[in-house]
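See below for the structure under consideration.
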Amino acid sequence: MKFLKKIAIGCFSATVLMSGSVHAEAISSDSVMQTQAAHYNKQQLIDMVNRSDVQSKLVSLGVDSNQAISRINGMTDSEIAQLNDEINQAPAGGVVGAVLTVLAIIAILDLIGVTDVYPFIRPVNS
């Protein structure tokens with residue numbers, strides 16, 4: 001019985017020593033909203049690249065849409081938010097589709113290093 005007591009105390013001591021410290025904190029709704037907004041903005045750009053009219057324009061410019069999507073996935077949340085803000089602030093009307101397509105193409109060309117219009121986009125080869 002004495003032997004079992006020593007083993008139990010030894011196991012308990014080892015558990016306490018190995019457990020270390022634990023830190024927990026509450027997650028704010030603001031941080032959850034920012035994460036969701038960043039994911040939504042990234043998905044908006046990817047959806048735009050996946051549109052057939054944008055893909056045909058990319059092909060005519062010699063840009064692979066898969067490379068553009070992988071570069072979009074490599075952008076930071078602030079870069080994506082800034083690009084989406086510029087796209088969403090385009091004037092309304094019949095030219096919105098053309099403006100969005102041009103902005104997206106310029107952004108994609110920036111991504112692959114052909115142009116340098118948006119200072120917040122880093123080329124793939126840099």
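In the structure tokens, each chain is lettered A, B, ... as it comes, each chain's residues begin at 1, and ligands are numbered from 1 in order of appearance.
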Determine, counting only C-alpha atoms, which protein, DNA and RNA residues have an atom within 7 Å of an atom of A:Asn41; residues of the same chain fewer than 3 positions away are not included. Present the result as a list in words.
Ala37, Ala38, Gln44, Leu45, Ile80, Ala81 and Asn84 of chain A
With N, CA, C and O atoms retained, could you export that selection as a PDB file, in the first residue's frame?
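The file below, selection-v7.pdb, is the result:
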```pdb
ATOM      1  N   ALA A  37     -14.197  39.172 -42.809  1.00  0.00           N
ATOM      2  CA  ALA A  37     -14.173  40.156 -43.890  1.00  0.00           C
ATOM      3  C   ALA A  37     -12.987  39.896 -44.820  1.00  0.00           C
ATOM      4  O   ALA A  37     -13.124  39.988 -46.044  1.00  0.00           O
ATOM      5  N   ALA A  38     -11.835  39.565 -44.248  1.00  0.00           N
ATOM      6  CA  ALA A  38     -10.654  39.276 -45.063  1.00  0.00           C
ATOM      7  C   ALA A  38     -10.900  38.053 -45.942  1.00  0.00           C
ATOM      8  O   ALA A  38     -10.553  38.042 -47.120  1.00  0.00           O
ATOM      9  N   GLN A  44     -13.955  37.242 -53.014  1.00  0.00           N
ATOM     10  CA  GLN A  44     -14.472  38.117 -54.059  1.00  0.00           C
ATOM     11  C   GLN A  44     -13.479  38.237 -55.211  1.00  0.00           C
ATOM     12  O   GLN A  44     -13.867  38.156 -56.380  1.00  0.00           O
ATOM     13  N   LEU A  45     -12.204  38.433 -54.879  1.00  0.00           N
ATOM     14  CA  LEU A  45     -11.184  38.556 -55.921  1.00  0.00           C
ATOM     15  C   LEU A  45     -11.028  37.256 -56.703  1.00  0.00           C
ATOM     16  O   LEU A  45     -10.915  37.268 -57.933  1.00  0.00           O
ATOM     17  N   ILE A  80      -5.560  42.996 -49.686  1.00  0.00           N
ATOM     18  CA  ILE A  80      -6.824  42.551 -50.285  1.00  0.00           C
ATOM     19  C   ILE A  80      -7.939  43.547 -49.995  1.00  0.00           C
ATOM     20  O   ILE A  80      -8.724  43.885 -50.877  1.00  0.00           O
ATOM     21  N   ALA A  81      -7.994  44.035 -48.770  1.00  0.00           N
ATOM     22  CA  ALA A  81      -9.032  45.010 -48.400  1.00  0.00           C
ATOM     23  C   ALA A  81      -8.881  46.286 -49.212  1.00  0.00           C
ATOM     24  O   ALA A  81      -9.876  46.845 -49.691  1.00  0.00           O
ATOM     25  N   ASN A  84      -9.975  45.602 -52.851  1.00  0.00           N
ATOM     26  CA  ASN A  84     -11.436  45.481 -52.935  1.00  0.00           C
ATOM     27  C   ASN A  84     -12.128  46.812 -52.724  1.00  0.00           C
ATOM     28  O   ASN A  84     -13.159  47.088 -53.336  1.00  0.00           O
TER      29      ASN A  84
END
```
For stretch 52-58 of chain A: contacts at 12 Å, only C-alpha atoms, fewer than 4 positions along chain excluded, given as number ranges by chain:
A: 45-48, 62-69, 97-109, 112
Residue subset to file, keeping N, CA, C and O atoms, as a short mmCIF file (atom, residue, chain, number, x, y, z; two decimals), in the first residue's frame:
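Wrote it out as again-v5.cif, contents follow:
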```cif
data_model
loop_
_atom_site.label_atom_id
_atom_site.label_comp_id
_atom_site.auth_asym_id
_atom_site.auth_seq_id
_atom_site.Cartn_x
_atom_site.Cartn_y
_atom_site.Cartn_z
N LEU A 45 -12.20 38.43 -54.88
CA LEU A 45 -11.18 38.56 -55.92
C LEU A 45 -11.03 37.26 -56.70
O LEU A 45 -10.92 37.27 -57.93
N ILE A 46 -11.03 36.14 -55.99
CA ILE A 46 -10.89 34.85 -56.66
C ILE A 46 -12.09 34.59 -57.57
O ILE A 46 -11.93 34.11 -58.69
N ASP A 47 -13.29 34.93 -57.08
CA ASP A 47 -14.48 34.77 -57.92
C ASP A 47 -14.39 35.64 -59.17
O ASP A 47 -14.83 35.23 -60.25
N MET A 48 -13.83 36.84 -59.03
CA MET A 48 -13.70 37.73 -60.18
C MET A 48 -12.73 37.12 -61.20
O MET A 48 -13.00 37.14 -62.41
N GLY A 62 -1.84 36.67 -71.85
CA GLY A 62 -0.81 35.69 -71.55
C GLY A 62 -0.62 35.42 -70.06
O GLY A 62 0.45 35.01 -69.63
N VAL A 63 -1.68 35.65 -69.28
CA VAL A 63 -1.60 35.46 -67.83
C VAL A 63 -2.37 34.19 -67.47
O VAL A 63 -3.51 34.01 -67.89
N ASP A 64 -1.75 33.33 -66.67
CA ASP A 64 -2.40 32.11 -66.20
C ASP A 64 -3.28 32.44 -65.00
O ASP A 64 -2.80 33.03 -64.03
N SER A 65 -4.55 32.08 -65.04
CA SER A 65 -5.45 32.41 -63.94
C SER A 65 -5.08 31.68 -62.65
O SER A 65 -5.28 32.21 -61.56
N ASN A 66 -4.50 30.49 -62.76
CA ASN A 66 -4.08 29.77 -61.55
C ASN A 66 -2.96 30.51 -60.84
O ASN A 66 -2.91 30.57 -59.61
N GLN A 67 -2.05 31.10 -61.61
CA GLN A 67 -0.98 31.88 -61.01
C GLN A 67 -1.55 33.14 -60.35
O GLN A 67 -1.11 33.53 -59.27
N ALA A 68 -2.53 33.75 -60.98
CA ALA A 68 -3.15 34.94 -60.39
C ALA A 68 -3.85 34.58 -59.08
O ALA A 68 -3.75 35.32 -58.10
N ILE A 69 -4.54 33.45 -59.05
CA ILE A 69 -5.24 33.03 -57.84
C ILE A 69 -4.24 32.70 -56.74
O ILE A 69 -4.45 33.08 -55.57
N GLY A 97 -18.74 47.09 -65.05
CA GLY A 97 -18.13 45.81 -65.40
C GLY A 97 -16.79 45.99 -66.09
O GLY A 97 -15.82 45.30 -65.79
N ALA A 98 -16.75 46.96 -67.00
CA ALA A 98 -15.49 47.23 -67.71
C ALA A 98 -14.43 47.77 -66.76
O ALA A 98 -13.27 47.37 -66.81
N VAL A 99 -14.83 48.67 -65.87
CA VAL A 99 -13.88 49.24 -64.90
C VAL A 99 -13.37 48.16 -63.97
O VAL A 99 -12.16 48.08 -63.70
N LEU A 100 -14.26 47.32 -63.47
CA LEU A 100 -13.84 46.24 -62.58
C LEU A 100 -12.90 45.28 -63.29
O LEU A 100 -11.91 44.82 -62.71
N THR A 101 -13.20 44.99 -64.53
CA THR A 101 -12.34 44.09 -65.30
C THR A 101 -10.96 44.70 -65.50
O THR A 101 -9.95 44.04 -65.30
N VAL A 102 -10.92 45.98 -65.84
CA VAL A 102 -9.64 46.65 -66.04
C VAL A 102 -8.85 46.70 -64.74
O VAL A 102 -7.64 46.42 -64.72
N LEU A 103 -9.51 47.05 -63.63
CA LEU A 103 -8.82 47.09 -62.34
C LEU A 103 -8.29 45.72 -61.95
O LEU A 103 -7.17 45.59 -61.44
N ALA A 104 -9.09 44.70 -62.20
CA ALA A 104 -8.65 43.35 -61.87
C ALA A 104 -7.46 42.94 -62.74
O ALA A 104 -6.50 42.34 -62.25
N ILE A 105 -7.51 43.28 -64.00
CA ILE A 105 -6.41 42.92 -64.90
C ILE A 105 -5.14 43.67 -64.50
O ILE A 105 -4.05 43.08 -64.47
N ILE A 106 -5.27 44.94 -64.16
CA ILE A 106 -4.10 45.70 -63.72
C ILE A 106 -3.53 45.09 -62.45
O ILE A 106 -2.31 44.96 -62.31
N ALA A 107 -4.41 44.71 -61.51
CA ALA A 107 -3.94 44.09 -60.27
C ALA A 107 -3.23 42.78 -60.55
O ALA A 107 -2.18 42.49 -59.98
N ILE A 108 -3.77 42.00 -61.46
CA ILE A 108 -3.16 40.72 -61.79
C ILE A 108 -1.82 40.93 -62.51
O ILE A 108 -0.84 40.24 -62.24
N LEU A 109 -1.76 41.92 -63.38
CA LEU A 109 -0.50 42.23 -64.04
C LEU A 109 0.54 42.70 -63.03
O LEU A 109 1.72 42.41 -63.15
N ILE A 112 1.99 39.61 -61.26
CA ILE A 112 3.00 38.84 -61.98
C ILE A 112 4.20 39.68 -62.38
O ILE A 112 5.14 39.17 -62.97
#
```
Could you go through chain A and tell me which residues DSSP, when run on the backbone, assigns to helix (DSSP H, G or I), listing them as an MDAnalysis selection string?
chainID A and resid 2:19 29:50 52:60 65:74 77:88 96:112
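Atom to atom, atom CA of A:Pro123 and atom CA of A:His39 stand 21.2 Å apart.
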Compare A:Ser78, A:Val49, A:Ser60, A:Thr15 by their minimum atom-to-atom distance to A:Thr35, counting only C-alpha atoms, and give me the closest one.
A:Ser78
Near A:Val124, within 7 Å and counting only C-alpha atoms, which residues show up once chain neighbours fewer than 6 positions away are dropped, as an MDAnalysis selection string?
chainID A and resid 71 111:113
Residues from the last selection, all heavy atoms, saved as a PDB file, in the first residue's frame:
```
ATOM      1  N   ARG A  71      -1.378  34.025 -56.344  1.00  0.00           N
ATOM      2  CA  ARG A  71      -0.837  35.312 -55.880  1.00  0.00           C
ATOM      3  C   ARG A  71      -1.848  36.030 -55.000  1.00  0.00           C
ATOM      4  O   ARG A  71      -1.474  36.651 -54.008  1.00  0.00           O
ATOM      5  CB  ARG A  71      -0.452  36.170 -57.076  1.00  0.00           C
ATOM      6  CG  ARG A  71       0.196  37.449 -56.710  1.00  0.00           C
ATOM      7  CD  ARG A  71       1.499  37.206 -55.972  1.00  0.00           C
ATOM      8  NE  ARG A  71       2.030  38.479 -55.575  1.00  0.00           N
ATOM      9  CZ  ARG A  71       2.597  38.719 -54.402  1.00  0.00           C
ATOM     10  NH1 ARG A  71       2.724  37.762 -53.535  1.00  0.00           N
ATOM     11  NH2 ARG A  71       3.042  39.906 -54.106  1.00  0.00           N
ATOM     12  N   LEU A 111       0.578  41.655 -59.995  1.00  0.00           N
ATOM     13  CA  LEU A 111       0.940  40.443 -59.260  1.00  0.00           C
ATOM     14  C   LEU A 111       2.042  39.667 -59.958  1.00  0.00           C
ATOM     15  O   LEU A 111       2.923  39.091 -59.307  1.00  0.00           O
ATOM     16  CB  LEU A 111      -0.283  39.535 -59.092  1.00  0.00           C
ATOM     17  CG  LEU A 111      -1.377  40.031 -58.162  1.00  0.00           C
ATOM     18  CD1 LEU A 111      -2.576  39.108 -58.228  1.00  0.00           C
ATOM     19  CD2 LEU A 111      -0.866  40.117 -56.749  1.00  0.00           C
ATOM     20  N   ILE A 112       1.990  39.615 -61.259  1.00  0.00           N
ATOM     21  CA  ILE A 112       2.995  38.836 -61.982  1.00  0.00           C
ATOM     22  C   ILE A 112       4.200  39.684 -62.385  1.00  0.00           C
ATOM     23  O   ILE A 112       5.142  39.168 -62.972  1.00  0.00           O
ATOM     24  CB  ILE A 112       2.385  38.123 -63.211  1.00  0.00           C
ATOM     25  CG1 ILE A 112       1.802  39.126 -64.189  1.00  0.00           C
ATOM     26  CG2 ILE A 112       1.378  37.104 -62.789  1.00  0.00           C
ATOM     27  CD1 ILE A 112       1.346  38.495 -65.484  1.00  0.00           C
ATOM     28  N   GLY A 113       4.185  40.965 -62.056  1.00  0.00           N
ATOM     29  CA  GLY A 113       5.348  41.820 -62.259  1.00  0.00           C
ATOM     30  C   GLY A 113       5.421  42.520 -63.595  1.00  0.00           C
ATOM     31  O   GLY A 113       6.440  43.111 -63.927  1.00  0.00           O
TER      32      GLY A 113
END
```
Could you please determine the separation between atom CA of A:Tyr118 and atom CA of A:Gln43 in Å, to one decimal place?
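Going from atom CA of A:Tyr118 over to atom CA of A:Gln43, I get 19.6 Å.
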